[in-house]
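Undergrad: If it helps, the file is called structure.cif and holds mmCIF, C-alpha atoms:
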data_work
loop_
_atom_site.group_PDB
_atom_site.id
_atom_site.type_symbol
_atom_site.label_atom_id
_atom_site.label_comp_id
_atom_site.auth_asym_id
_atom_site.auth_seq_id
_atom_site.Cartn_x
_atom_site.Cartn_y
_atom_site.Cartn_z
ATOM 1 C CA MET A 21 8.133 -7.912 -5.427
ATOM 2 C CA ILE A 22 6.289 -8.595 -2.160
ATOM 3 C CA TYR A 23 5.407 -12.230 -1.550
ATOM 4 C CA ILE A 24 2.058 -13.060 0.050
ATOM 5 C CA SER A 25 0.405 -16.292 1.123
ATOM 6 C CA ILE A 26 -3.348 -16.698 0.697
ATOM 7 C CA ILE A 27 -4.958 -19.236 3.042
ATOM 8 C CA ILE A 28 -8.486 -20.566 2.543
ATOM 9 C CA VAL A 29 -10.228 -23.069 4.823
ATOM 10 C CA ASN A 30 -13.006 -25.029 3.128
ATOM 11 C CA TRP A 31 -15.760 -27.260 4.462
ATOM 12 C CA ASN A 32 -18.401 -28.404 1.979
ATOM 13 C CA THR A 33 -18.605 -25.160 0.004
ATOM 14 C CA LYS A 34 -17.313 -26.407 -3.350
ATOM 15 C CA ASP A 35 -19.216 -24.039 -5.634
ATOM 16 C CA TYR A 36 -18.254 -20.954 -3.640
ATOM 17 C CA LEU A 37 -14.652 -22.142 -3.289
ATOM 18 C CA ILE A 38 -14.284 -22.543 -7.049
ATOM 19 C CA LYS A 39 -15.715 -19.062 -7.563
ATOM 20 C CA CYS A 40 -13.255 -17.693 -4.997
ATOM 21 C CA LEU A 41 -10.259 -19.388 -6.629
ATOM 22 C CA LYS A 42 -11.287 -18.163 -10.090
ATOM 23 C CA SER A 43 -11.321 -14.607 -8.754
ATOM 24 C CA LEU A 44 -7.786 -15.095 -7.404
ATOM 25 C CA VAL A 45 -6.578 -16.349 -10.764
ATOM 26 C CA ARG A 46 -8.227 -13.396 -12.492
ATOM 27 C CA ILE A 47 -6.617 -10.703 -10.338
ATOM 28 C CA ARG A 48 -3.077 -12.097 -10.164
ATOM 29 C CA GLY A 49 -0.385 -9.469 -10.566
ATOM 30 C CA GLY A 50 1.255 -6.785 -8.445
ATOM 31 C CA SER A 51 2.539 -9.370 -5.980
ATOM 32 C CA SER A 52 3.937 -12.866 -5.943
ATOM 33 C CA GLN A 53 1.415 -15.241 -4.401
ATOM 34 C CA GLU A 54 0.998 -18.746 -3.094
ATOM 35 C CA VAL A 55 -2.496 -20.093 -2.452
ATOM 36 C CA ILE A 56 -2.961 -22.684 0.294
ATOM 37 C CA ILE A 57 -6.309 -24.463 0.575
ATOM 38 C CA ILE A 58 -7.025 -26.490 3.703
ATOM 39 C CA ASP A 59 -10.011 -28.801 3.308
ATOM 40 C CA ASN A 60 -11.743 -29.952 6.483
ATOM 41 C CA ALA A 61 -12.891 -33.373 5.237
ATOM 42 C CA SER A 62 -15.520 -32.047 2.825
ATOM 43 C CA GLN A 63 -18.022 -34.508 1.408
ATOM 44 C CA ASP A 64 -19.034 -32.452 -1.658
ATOM 45 C CA GLU A 65 -16.114 -33.227 -3.996
ATOM 46 C CA SER A 66 -14.363 -29.951 -3.171
ATOM 47 C CA VAL A 67 -10.984 -31.725 -3.167
ATOM 48 C CA ARG A 68 -11.485 -33.287 -6.591
ATOM 49 C CA ALA A 69 -12.617 -29.958 -8.047
ATOM 50 C CA VAL A 70 -9.524 -28.145 -6.741
ATOM 51 C CA ARG A 71 -7.166 -30.860 -7.956
ATOM 52 C CA GLU A 72 -8.677 -30.833 -11.435
ATOM 53 C CA SER A 73 -9.087 -27.082 -11.937
ATOM 54 C CA PHE A 74 -6.325 -25.550 -9.805
ATOM 55 C CA PRO A 75 -3.337 -27.924 -9.666
ATOM 56 C CA GLN A 76 -1.011 -24.918 -9.182
ATOM 57 C CA PHE A 77 -2.388 -24.319 -5.688
ATOM 58 C CA ILE A 78 -1.301 -26.092 -2.506
ATOM 59 C CA LEU A 79 -4.011 -28.406 -1.154
ATOM 60 C CA ILE A 80 -3.991 -29.857 2.361
ATOM 61 C CA GLU A 81 -6.594 -32.505 3.179
ATOM 62 C CA ASN A 82 -7.590 -32.970 6.811
ATOM 63 C CA PRO A 83 -8.948 -36.408 7.784
ATOM 64 C CA LYS A 84 -11.774 -34.770 9.748
ATOM 65 C CA ASN A 85 -13.237 -31.319 10.373
ATOM 66 C CA LEU A 86 -10.614 -29.677 12.592
ATOM 67 C CA GLY A 87 -12.433 -26.367 12.823
ATOM 68 C CA PHE A 88 -11.254 -23.025 11.498
ATOM 69 C CA ALA A 89 -8.381 -22.160 13.845
ATOM 70 C CA LYS A 90 -6.570 -25.515 13.642
ATOM 71 C CA ALA A 91 -6.952 -25.578 9.866
ATOM 72 C CA VAL A 92 -5.629 -22.034 9.423
ATOM 73 C CA ASN A 93 -2.680 -22.796 11.685
ATOM 74 C CA LYS A 94 -1.702 -25.730 9.472
ATOM 75 C CA GLY A 95 -1.553 -23.277 6.584
ATOM 76 C CA LEU A 96 0.332 -20.654 8.586
ATOM 77 C CA LYS A 97 3.033 -23.172 9.490
ATOM 78 C CA ILE A 98 3.944 -23.721 5.826
ATOM 79 C CA ALA A 99 3.160 -20.246 4.467
ATOM 80 C CA LYS A 100 6.163 -18.348 3.100
ATOM 81 C CA GLY A 101 4.624 -14.916 2.616
ATOM 82 C CA GLU A 102 5.634 -11.648 4.224
ATOM 83 C CA TYR A 103 1.902 -11.050 4.502
ATOM 84 C CA ILE A 104 -0.858 -13.621 4.994
ATOM 85 C CA LEU A 105 -4.289 -13.081 3.441
ATOM 86 C CA LEU A 106 -6.974 -15.141 5.150
ATOM 87 C CA LEU A 107 -10.015 -15.683 2.944
ATOM 88 C CA ASN A 108 -13.277 -17.492 3.531
ATOM 89 C CA PRO A 109 -14.221 -19.725 0.604
ATOM 90 C CA ASP A 110 -17.413 -17.704 0.090
ATOM 91 C CA ILE A 111 -15.386 -14.612 -0.880
ATOM 92 C CA GLU A 112 -15.010 -13.234 -4.385
ATOM 93 C CA ILE A 113 -12.123 -10.791 -4.413
ATOM 94 C CA LYS A 114 -12.312 -7.581 -6.438
ATOM 95 C CA ASP A 115 -9.590 -6.185 -8.677
ATOM 96 C CA ASN A 116 -6.773 -4.331 -6.872
ATOM 97 C CA THR A 117 -7.931 -5.430 -3.408
ATOM 98 C CA ILE A 118 -4.673 -7.217 -2.641
ATOM 99 C CA GLU A 119 -2.630 -4.287 -3.927
ATOM 100 C CA LYS A 120 -4.614 -1.881 -1.724
ATOM 101 C CA PHE A 121 -4.010 -4.081 1.294
ATOM 102 C CA ILE A 122 -0.276 -4.273 0.597
ATOM 103 C CA SER A 123 0.044 -0.528 -0.004
ATOM 104 C CA PHE A 124 -1.635 0.159 3.315
ATOM 105 C CA MET A 125 0.395 -2.394 5.268
ATOM 106 C CA GLU A 126 3.656 -1.140 3.747
ATOM 107 C CA ALA A 127 2.792 2.452 4.660
ATOM 108 C CA TYR A 128 1.821 1.626 8.260
ATOM 109 C CA GLN A 129 4.365 -0.749 9.736
ATOM 110 C CA ASP A 130 2.667 -0.798 13.154
ATOM 111 C CA VAL A 131 -0.488 -2.457 11.777
ATOM 112 C CA GLY A 132 -0.713 -6.171 12.502
ATOM 113 C CA ILE A 133 -4.113 -6.901 10.935
ATOM 114 C CA ALA A 134 -6.127 -5.119 8.252
ATOM 115 C CA GLY A 135 -9.665 -6.106 7.294
ATOM 116 C CA ALA A 136 -11.578 -5.547 4.052
ATOM 117 C CA GLN A 137 -14.965 -3.985 3.425
ATOM 118 C CA LEU A 138 -17.305 -6.937 2.918
ATOM 119 C CA LEU A 139 -20.063 -6.516 0.343
ATOM 120 C CA ASN A 140 -23.281 -8.350 -0.452
ATOM 121 C CA ASP A 141 -23.671 -9.518 -4.037
ATOM 122 C CA ASP A 142 -25.745 -6.379 -4.799
ATOM 123 C CA GLY A 143 -22.881 -4.154 -3.648
ATOM 124 C CA SER A 144 -24.441 -3.150 -0.325
ATOM 125 C CA LYS A 145 -22.205 -3.186 2.738
ATOM 126 C CA GLN A 146 -21.962 -5.917 5.340
ATOM 127 C CA ASN A 147 -20.667 -5.415 8.839
ATOM 128 C CA SER A 148 -16.894 -5.632 8.548
ATOM 129 C CA ILE A 149 -15.912 -4.237 11.957
ATOM 130 C CA ALA A 150 -16.421 -5.642 15.454
ATOM 131 C CA ASN A 151 -16.018 -4.329 18.966
ATOM 132 C CA PHE A 152 -14.340 -6.533 21.493
ATOM 133 C CA PRO A 153 -17.080 -8.505 23.272
ATOM 134 C CA SER A 154 -18.400 -6.973 26.476
ATOM 135 C CA LEU A 155 -21.551 -7.402 28.530
ATOM 136 C CA VAL A 156 -23.010 -4.429 26.655
ATOM 137 C CA THR A 157 -22.276 -5.767 23.154
ATOM 138 C CA GLU A 158 -23.409 -9.310 23.952
ATOM 139 C CA LEU A 159 -26.590 -8.582 25.943
ATOM 140 C CA PHE A 160 -27.942 -5.641 23.935
ATOM 141 C CA ASN A 161 -28.906 -5.228 20.291
ATOM 142 C CA LYS A 162 -25.725 -4.524 18.321
ATOM 143 C CA SER A 163 -27.529 -2.731 15.482
ATOM 144 C CA LEU A 164 -29.082 -0.268 17.919
ATOM 145 C CA LEU A 165 -25.737 0.297 19.618
ATOM 146 C CA ARG A 166 -24.126 1.079 16.252
ATOM 147 C CA TRP A 167 -26.998 3.388 15.319
ATOM 148 C CA PHE A 168 -27.180 5.420 18.538
ATOM 149 C CA PHE A 169 -23.509 5.337 19.551
ATOM 150 C CA PRO A 170 -21.509 5.255 16.285
ATOM 151 C CA LYS A 171 -18.419 6.742 17.910
ATOM 152 C CA TYR A 172 -18.094 3.754 20.231
ATOM 153 C CA PHE A 173 -19.670 1.048 18.049
ATOM 154 C CA PRO A 174 -18.568 1.529 14.409
ATOM 155 C CA GLY A 175 -20.274 -0.494 11.684
ATOM 156 C CA LYS A 176 -21.892 -0.523 8.271
ATOM 157 C CA GLU A 177 -24.249 2.278 9.271
ATOM 158 C CA GLN A 178 -21.314 4.714 9.004
ATOM 159 C CA GLU A 179 -19.609 5.752 5.794
ATOM 160 C CA TYR A 180 -15.837 5.315 5.949
ATOM 161 C CA THR A 181 -13.700 6.561 3.073
ATOM 162 C CA GLU A 182 -10.346 6.260 4.836
ATOM 163 C CA PRO A 183 -8.813 3.459 6.932
ATOM 164 C CA ILE A 184 -9.950 3.521 10.552
ATOM 165 C CA GLU A 185 -8.432 1.891 13.620
ATOM 166 C CA VAL A 186 -10.846 -0.579 15.223
ATOM 167 C CA ASP A 187 -10.977 -3.207 17.954
ATOM 168 C CA SER A 188 -11.434 -6.120 15.579
ATOM 169 C CA VAL A 189 -12.336 -6.939 11.991
ATOM 170 C CA ILE A 190 -14.590 -9.637 10.581
ATOM 171 C CA GLY A 191 -12.232 -12.441 9.577
ATOM 172 C CA ALA A 192 -13.778 -13.351 6.217
ATOM 173 C CA CYS A 193 -11.022 -11.358 4.494
ATOM 174 C CA MET A 194 -8.090 -9.965 6.426
ATOM 175 C CA MET A 195 -4.401 -9.425 5.812
ATOM 176 C CA VAL A 196 -1.976 -10.229 8.624
ATOM 177 C CA ARG A 197 1.656 -9.229 8.959
ATOM 178 C CA ARG A 198 4.033 -12.158 9.472
ATOM 179 C CA LYS A 199 6.082 -10.223 12.052
ATOM 180 C CA ALA A 200 2.904 -9.712 14.098
ATOM 181 C CA ILE A 201 2.112 -13.438 13.968
ATOM 182 C CA GLU A 202 5.643 -14.250 15.097
ATOM 183 C CA ASP A 203 5.130 -11.808 17.968
ATOM 184 C CA VAL A 204 1.717 -12.952 19.292
ATOM 185 C CA GLY A 205 1.481 -16.537 18.037
ATOM 186 C CA LEU A 206 -0.975 -18.493 15.914
ATOM 187 C CA LEU A 207 -4.750 -18.627 16.263
ATOM 188 C CA ASP A 208 -6.057 -20.095 19.530
ATOM 189 C CA GLU A 209 -7.161 -23.628 18.635
ATOM 190 C CA ASP A 210 -9.622 -23.786 21.541
ATOM 191 C CA TYR A 211 -11.989 -21.901 19.221
ATOM 192 C CA PHE A 212 -13.596 -24.295 16.765
ATOM 193 C CA LEU A 213 -15.633 -21.723 14.827
ATOM 194 C CA PHE A 214 -16.278 -17.995 15.443
ATOM 195 C CA PHE A 215 -14.323 -15.425 17.500
ATOM 196 C CA GLU A 216 -10.901 -16.737 16.420
ATOM 197 C CA GLU A 217 -10.074 -13.462 14.683
ATOM 198 C CA THR A 218 -11.503 -11.455 17.594
ATOM 199 C CA ASP A 219 -9.163 -13.270 19.975
ATOM 200 C CA TRP A 220 -6.259 -12.688 17.576
ATOM 201 C CA CYS A 221 -7.019 -8.977 17.270
ATOM 202 C CA TYR A 222 -7.263 -8.742 21.057
ATOM 203 C CA ARG A 223 -3.848 -10.326 21.486
ATOM 204 C CA MET A 224 -2.398 -8.170 18.701
ATOM 205 C CA LYS A 225 -3.539 -4.970 20.403
ATOM 206 C CA LYS A 226 -2.274 -6.114 23.796
ATOM 207 C CA ALA A 227 1.122 -6.678 22.172
ATOM 208 C CA GLY A 228 1.143 -3.144 20.710
ATOM 209 C CA TRP A 229 0.030 -3.877 17.141
ATOM 210 C CA LYS A 230 -2.798 -1.903 15.545
ATOM 211 C CA VAL A 231 -5.893 -3.300 13.819
ATOM 212 C CA TYR A 232 -7.454 -1.381 10.936
ATOM 213 C CA HIS A 233 -10.492 -1.530 8.689
ATOM 214 C CA VAL A 234 -9.489 -0.605 5.121
ATOM 215 C CA PRO A 235 -12.646 0.410 3.194
ATOM 216 C CA GLN A 236 -10.794 0.701 -0.121
ATOM 217 C CA ALA A 237 -10.072 -3.051 -0.041
ATOM 218 C CA GLN A 238 -13.393 -4.589 -1.046
ATOM 219 C CA VAL A 239 -14.631 -8.144 -1.549
ATOM 220 C CA PHE A 240 -17.967 -9.819 -2.155
ATOM 221 C CA HIS A 241 -18.967 -12.086 0.728
ATOM 222 C CA PHE A 242 -21.689 -14.698 0.249
ATOM 223 C CA GLN A 243 -22.057 -14.886 4.012
ATOM 224 C CA GLY A 244 -21.895 -17.893 6.302
ATOM 225 C CA LYS A 245 -22.118 -20.731 3.790
ATOM 226 C CA SER A 246 -20.253 -23.295 5.922
ATOM 227 C CA ALA A 247 -22.305 -22.442 9.013
ATOM 228 C CA GLU A 248 -25.527 -22.802 7.018
ATOM 229 C CA LYS A 249 -24.900 -26.541 6.672
ATOM 230 C CA ASP A 250 -26.173 -27.054 10.234
ATOM 231 C CA LYS A 251 -27.469 -23.827 11.752
ATOM 232 C CA LYS A 252 -28.363 -25.298 15.149
ATOM 233 C CA LYS A 253 -24.886 -26.676 15.723
ATOM 234 C CA ALA A 254 -23.277 -23.542 14.284
ATOM 235 C CA LYS A 255 -25.230 -21.485 16.826
ATOM 236 C CA VAL A 256 -23.868 -23.716 19.581
ATOM 237 C CA GLU A 257 -20.328 -22.998 18.371
ATOM 238 C CA TYR A 258 -21.058 -19.261 18.383
ATOM 239 C CA TYR A 259 -22.237 -19.388 21.998
ATOM 240 C CA HIS A 260 -19.342 -21.654 22.987
ATOM 241 C CA SER A 261 -16.750 -19.307 21.455
ATOM 242 C CA ARG A 262 -18.372 -16.285 23.040
ATOM 243 C CA TYR A 263 -18.192 -17.929 26.458
ATOM 244 C CA LEU A 264 -14.578 -18.922 25.842
ATOM 245 C CA PHE A 265 -13.580 -15.323 25.093
ATOM 246 C CA PHE A 266 -15.148 -14.153 28.354
ATOM 247 C CA LYS A 267 -13.464 -16.934 30.330
ATOM 248 C CA LYS A 268 -10.071 -15.941 28.917
ATOM 249 C CA TYR A 269 -10.253 -12.193 29.223
ATOM 250 C CA LYS A 270 -13.197 -10.952 31.284
ATOM 251 C CA GLY A 271 -12.992 -12.864 34.543
ATOM 252 C CA TYR A 272 -15.298 -15.266 36.365
ATOM 253 C CA TRP A 273 -18.117 -12.907 37.319
ATOM 254 C CA GLN A 274 -18.513 -11.332 33.906
ATOM 255 C CA PHE A 275 -18.599 -14.832 32.427
ATOM 256 C CA ILE A 276 -21.355 -15.862 34.869
ATOM 257 C CA ILE A 277 -23.373 -12.691 34.217
ATOM 258 C CA LEU A 278 -23.063 -13.253 30.471
ATOM 259 C CA ARG A 279 -24.165 -16.877 30.687
ATOM 260 C CA VAL A 280 -27.186 -16.102 32.910
ATOM 261 C CA GLY A 281 -28.078 -13.045 30.826
ATOM 262 C CA LEU A 282 -27.933 -14.891 27.503
ATOM 263 C CA LEU A 283 -29.967 -17.774 28.907
ATOM 264 C CA LEU A 284 -32.687 -15.380 30.131
ATOM 265 C CA LYS A 285 -32.618 -13.604 26.782
ATOM 266 C CA LEU A 286 -32.956 -16.965 25.044
ATOM 267 C CA VAL A 287 -36.003 -17.928 27.152
ATOM 268 C CA ILE A 288 -37.715 -14.595 26.435
ATOM 269 C CA GLU A 289 -37.048 -14.884 22.692
ATOM 270 C CA PHE A 290 -38.313 -18.486 22.719
ATOM 271 C CA LEU A 291 -41.567 -17.453 24.444
ATOM 272 C CA PHE A 292 -42.230 -14.549 22.077
ATOM 273 C CA MET A 293 -41.403 -16.657 19.011
ATOM 274 C CA GLY A 294 -43.628 -19.458 20.335
ATOM 275 C CA ILE A 295 -46.537 -17.044 20.768
ATOM 276 C CA GLY A 296 -45.983 -15.777 17.239
ATOM 277 C CA CYS A 297 -45.959 -19.321 15.844
ATOM 278 C CA ILE A 298 -49.164 -20.215 17.698
ATOM 279 C CA MET A 299 -50.944 -17.055 16.498
ATOM 280 C CA THR A 300 -50.002 -17.821 12.874
ATOM 281 C CA GLY A 301 -50.804 -21.533 13.129
ATOM 282 C CA PHE A 302 -47.106 -22.431 12.648
ATOM 283 C CA LYS A 303 -47.385 -21.389 9.002
ATOM 284 C CA VAL A 304 -44.346 -19.093 8.932
ATOM 285 C CA LYS A 305 -41.426 -21.384 8.161
ATOM 286 C CA ARG A 306 -38.739 -18.907 9.248
ATOM 287 C CA TRP A 307 -40.370 -18.511 12.659
ATOM 288 C CA LYS A 308 -40.659 -22.280 13.139
ATOM 289 C CA THR A 309 -36.966 -22.666 12.296
ATOM 290 C CA GLN A 310 -36.041 -19.933 14.746
ATOM 291 C CA LEU A 311 -38.191 -21.513 17.456
ATOM 292 C CA SER A 312 -36.423 -24.844 16.878
ATOM 293 C CA ASN A 313 -33.022 -23.132 17.105
ATOM 294 C CA TYR A 314 -33.957 -21.471 20.401
ATOM 295 C CA ALA A 315 -35.148 -24.792 21.805
ATOM 296 C CA TYR A 316 -31.910 -26.513 20.783
ATOM 297 C CA LEU A 317 -29.769 -23.779 22.374
ATOM 298 C CA PHE A 318 -31.823 -23.883 25.569
ATOM 299 C CA TRP A 319 -31.430 -27.670 25.775
ATOM 300 C CA TRP A 320 -27.673 -27.288 25.159
ATOM 301 C CA HIS A 321 -27.466 -24.936 28.144
ATOM 302 C CA MET A 322 -29.545 -27.275 30.319
ATOM 303 C CA LYS A 323 -27.185 -30.163 29.508
ATOM 304 C CA GLY A 324 -24.190 -28.115 30.621
ATOM 305 C CA CYS A 325 -23.056 -26.870 27.178
ATOM 306 C CA PRO A 326 -21.503 -30.150 25.901
ATOM 307 C CA GLU A 327 -19.119 -29.886 22.942
ATOM 308 C CA GLU A 328 -20.689 -32.831 21.124
ATOM 309 C CA MET A 329 -23.873 -30.835 20.462
ATOM 310 C CA GLY A 330 -21.841 -28.456 18.275
ATOM 311 C CA LEU A 331 -20.008 -29.057 15.020
ATOM 312 C CA LYS A 332 -17.062 -30.939 16.525
#
Would you mind writing the file's structure down as structure tokens?

TA:
Amino acid sequence: MIYISIIIVNWNTKDYLIKCLKSLVRIRGGSSQEVIIIDNASQDESVRAVRESFPQFILIENPKNLGFAKAVNKGLKIAKGEYILLLNPDIEIKDNTIEKFISFMEAYQDVGIAGAQLLNDDGSKQNSIANFPSLVTELFNKSLLRWFFPKYFPGKEQEYTEPIEVDSVIGACMMVRRKAIEDVGLLDEDYFLFFEETDWCYRMKKAGWKVYHVPQAQVFHFQGKSAEKDKKKAKVEYYHSRYLFFKKYKGYWQFIILRVGLLLKLVIEFLFMGIGCIMTGFKVKRWKTQLSNYAYLFWWHMKGCPEEMGLK
């Protein structure tokens, strides 16, 4: 029987975490599993709930929020599985998903990472595939790119019935081969939140491993619940991680073009959103929130992108 390790990083998402763990208990079978939960100093009694309801699982408590990559790496260092399943706490796993992952990974020994099809709670598809970041993907509308150029920018707009090789997968639910991890190393801990899996997939492909989207492996994803705790600071982390990826892999001038381009884009979006808010008398709450987010991101750029304005 194949042994797998399931790693979940939690930060103040108790209710979703419990739902996730219940789904794991429900679908046990077909493989031998260990479940490792790393809690990033949650303040919502997540730890107590896990201890009381799931004493059979391994629980690691961090004294502070270490971010996603550092927390996952703590789990990877003690994981015993031949395969590692990384799950967000806001995932509810469907029956046979793990078995479908394992069957695929066993059949294709050159695959280092396989990602699931993420679903909304109504069964509709979420984006589960990502291109490697480029000036095109980061400065233009991704939905339009996927719509007009599906061959080069795959996404939820296309119907996939068979596994497809991709640049990167969305890391909310992905299975990773231990041999591939031993080959390329752990997650890059310079990423606090966002783009960690993109960086991993990039390194995997450079080392000769393949990355696949497996549409038969499906999970419900109640999207972005940790990031919702402080959207302004989460946005800062997204920008920070995006810049980090470009610094590592794209060179100085592409990094500068990206930073200037995103700042100009931010100013334009702020102006249009401000006009919209003025014309509606600031009565549309969603627009006011977006305007506030744009202002915060602009101020972060003006201050030189300091880390302390993010979630760290």

Undergrad: Evaluate the PyMOL selection byres ((chain A and resi 120) around 10) on the structure here and hand back the selected residues as a PyMOL selection string.

TA: chain A and resi 115-119+121-126+136+234-238

Undergrad: Mind checking which residues fall within 8 Å of region 77-89 of chain A, counting all atoms listed in the file, ignoring those fewer than 6 positions away in the same chain, and posting them as a list in words?

TA: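 Listed by chain and then number, they are Val29, Trp31, Glu54, Val55, Ile56, Ile57, Ile58, Asp59, Asn60, Ala61, Ser62, Val67, Val70, Arg71, Leu207, Asp208, Glu209, Asp210, Tyr211, Phe212, Leu213, Glu216 and Lys332 of chain A.
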
Undergrad: Carefully work through the PyMOL selection byres ((chain A and resi 254) around 12) for this structure and note down the residues it includes, as a ChimeraX atom specification.

TA: /A:87,212-214,244-253,255-261,313,316-317,327-332

Undergrad: What is the distance between CA of Ile104 (chain A) and CA of Ser25 (chain A), in Å to one decimal?

TA: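 That distance, rounded to one decimal, is 4.9 Å.
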
Undergrad: Can you turn the PyMOL selection byres ((chain A and resi 140-156) around 7) into a concrete residue list for this file, as a list in words?

TA: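 Written out, the selection comes to Ala136, Gln137, Leu138, Leu139, Thr157, Glu158, Leu159, Phe160, Phe173, Pro174, Gly175, Lys176, Asp187, Ser188, Val189, Ile190, Thr218, His233, Phe240, His241, Phe242 and Leu278 of chain A.
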
Undergrad: One decimal, Å: what's the distance from CA of Cys40 (chain A) over to CA of Glu112 (chain A), could you say?

TA: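 Pair CA of Cys40 (chain A) / CA of Glu112 (chain A) returns 4.8 Å.
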
Undergrad: Counting only C-alpha atoms, which of A:Arg262, A:Lys100, A:Lys225, A:Arg48 gets nearest to Phe275 (chain A)?

TA: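 Smallest distance to Phe275 (chain A) is found for A:Arg262.
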
Undergrad: At what distance in Å, to one decimal, does CA of Trp229 (chain A) lie from CA of Gly271 (chain A)?

TA: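 These two atoms are separated by 23.5 Å.
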
Undergrad: Between A:Thr33, A:Glu177, A:Cys221, A:Leu286, which is the closest to Ser163 (chain A) once you count all atoms listed in the file?

TA: A:Glu177

Undergrad: Quick one: residues within 12 Å of (-2.4, -6.7, 11.0) (file frame), counting only C-alpha atoms, please, as JSON, numbers by chain.

TA: {"A": [102, 103, 104, 105, 106, 121, 122, 124, 125, 126, 128, 129, 130, 131, 132, 133, 134, 135, 136, 185, 186, 187, 188, 189, 191, 193, 194, 195, 196, 197, 198, 199, 200, 201, 202, 203, 204, 217, 220, 221, 222, 223, 224, 225, 227, 228, 229, 230, 231, 232, 233, 234]}

Undergrad: Edge lengths and centre, in Å to one decimal, as JSON: that's what I need for the box along x, y and z that holds all listed atoms of region 213-222 of chain A plus 5 Å on each side.

TA:
{"center_x": -11.3, "center_y": -15.2, "center_z": 17.9, "size_x": 20.0, "size_y": 23.0, "size_z": 16.4}

Undergrad: Find the residue from A:Met322, A:Ile184, A:Leu164, A:Ile111 that sits nearest to Ser43 (chain A); use only C-alpha atoms when measuring.

TA: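 Of A:Met322, A:Ile184, A:Leu164, A:Ile111, the one nearest Ser43 (chain A) is A:Ile111, counting only C-alpha atoms.
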
Undergrad: Of the residues A:Asp35, A:Glu72, A:Glu65, A:Asp219, which is the one nearest to Tyr269 (chain A), using all atoms listed in the file?

TA: A:Asp219

Undergrad: Here is a test: counting all atoms listed in the file, which residue of A:Lys323, A:Asn30, A:Ile276, A:Ile295 is nearest to Leu311 (chain A)?

TA: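 Of A:Lys323, A:Asn30, A:Ile276, A:Ile295, the one nearest Leu311 (chain A) is A:Ile295, counting all atoms listed in the file.
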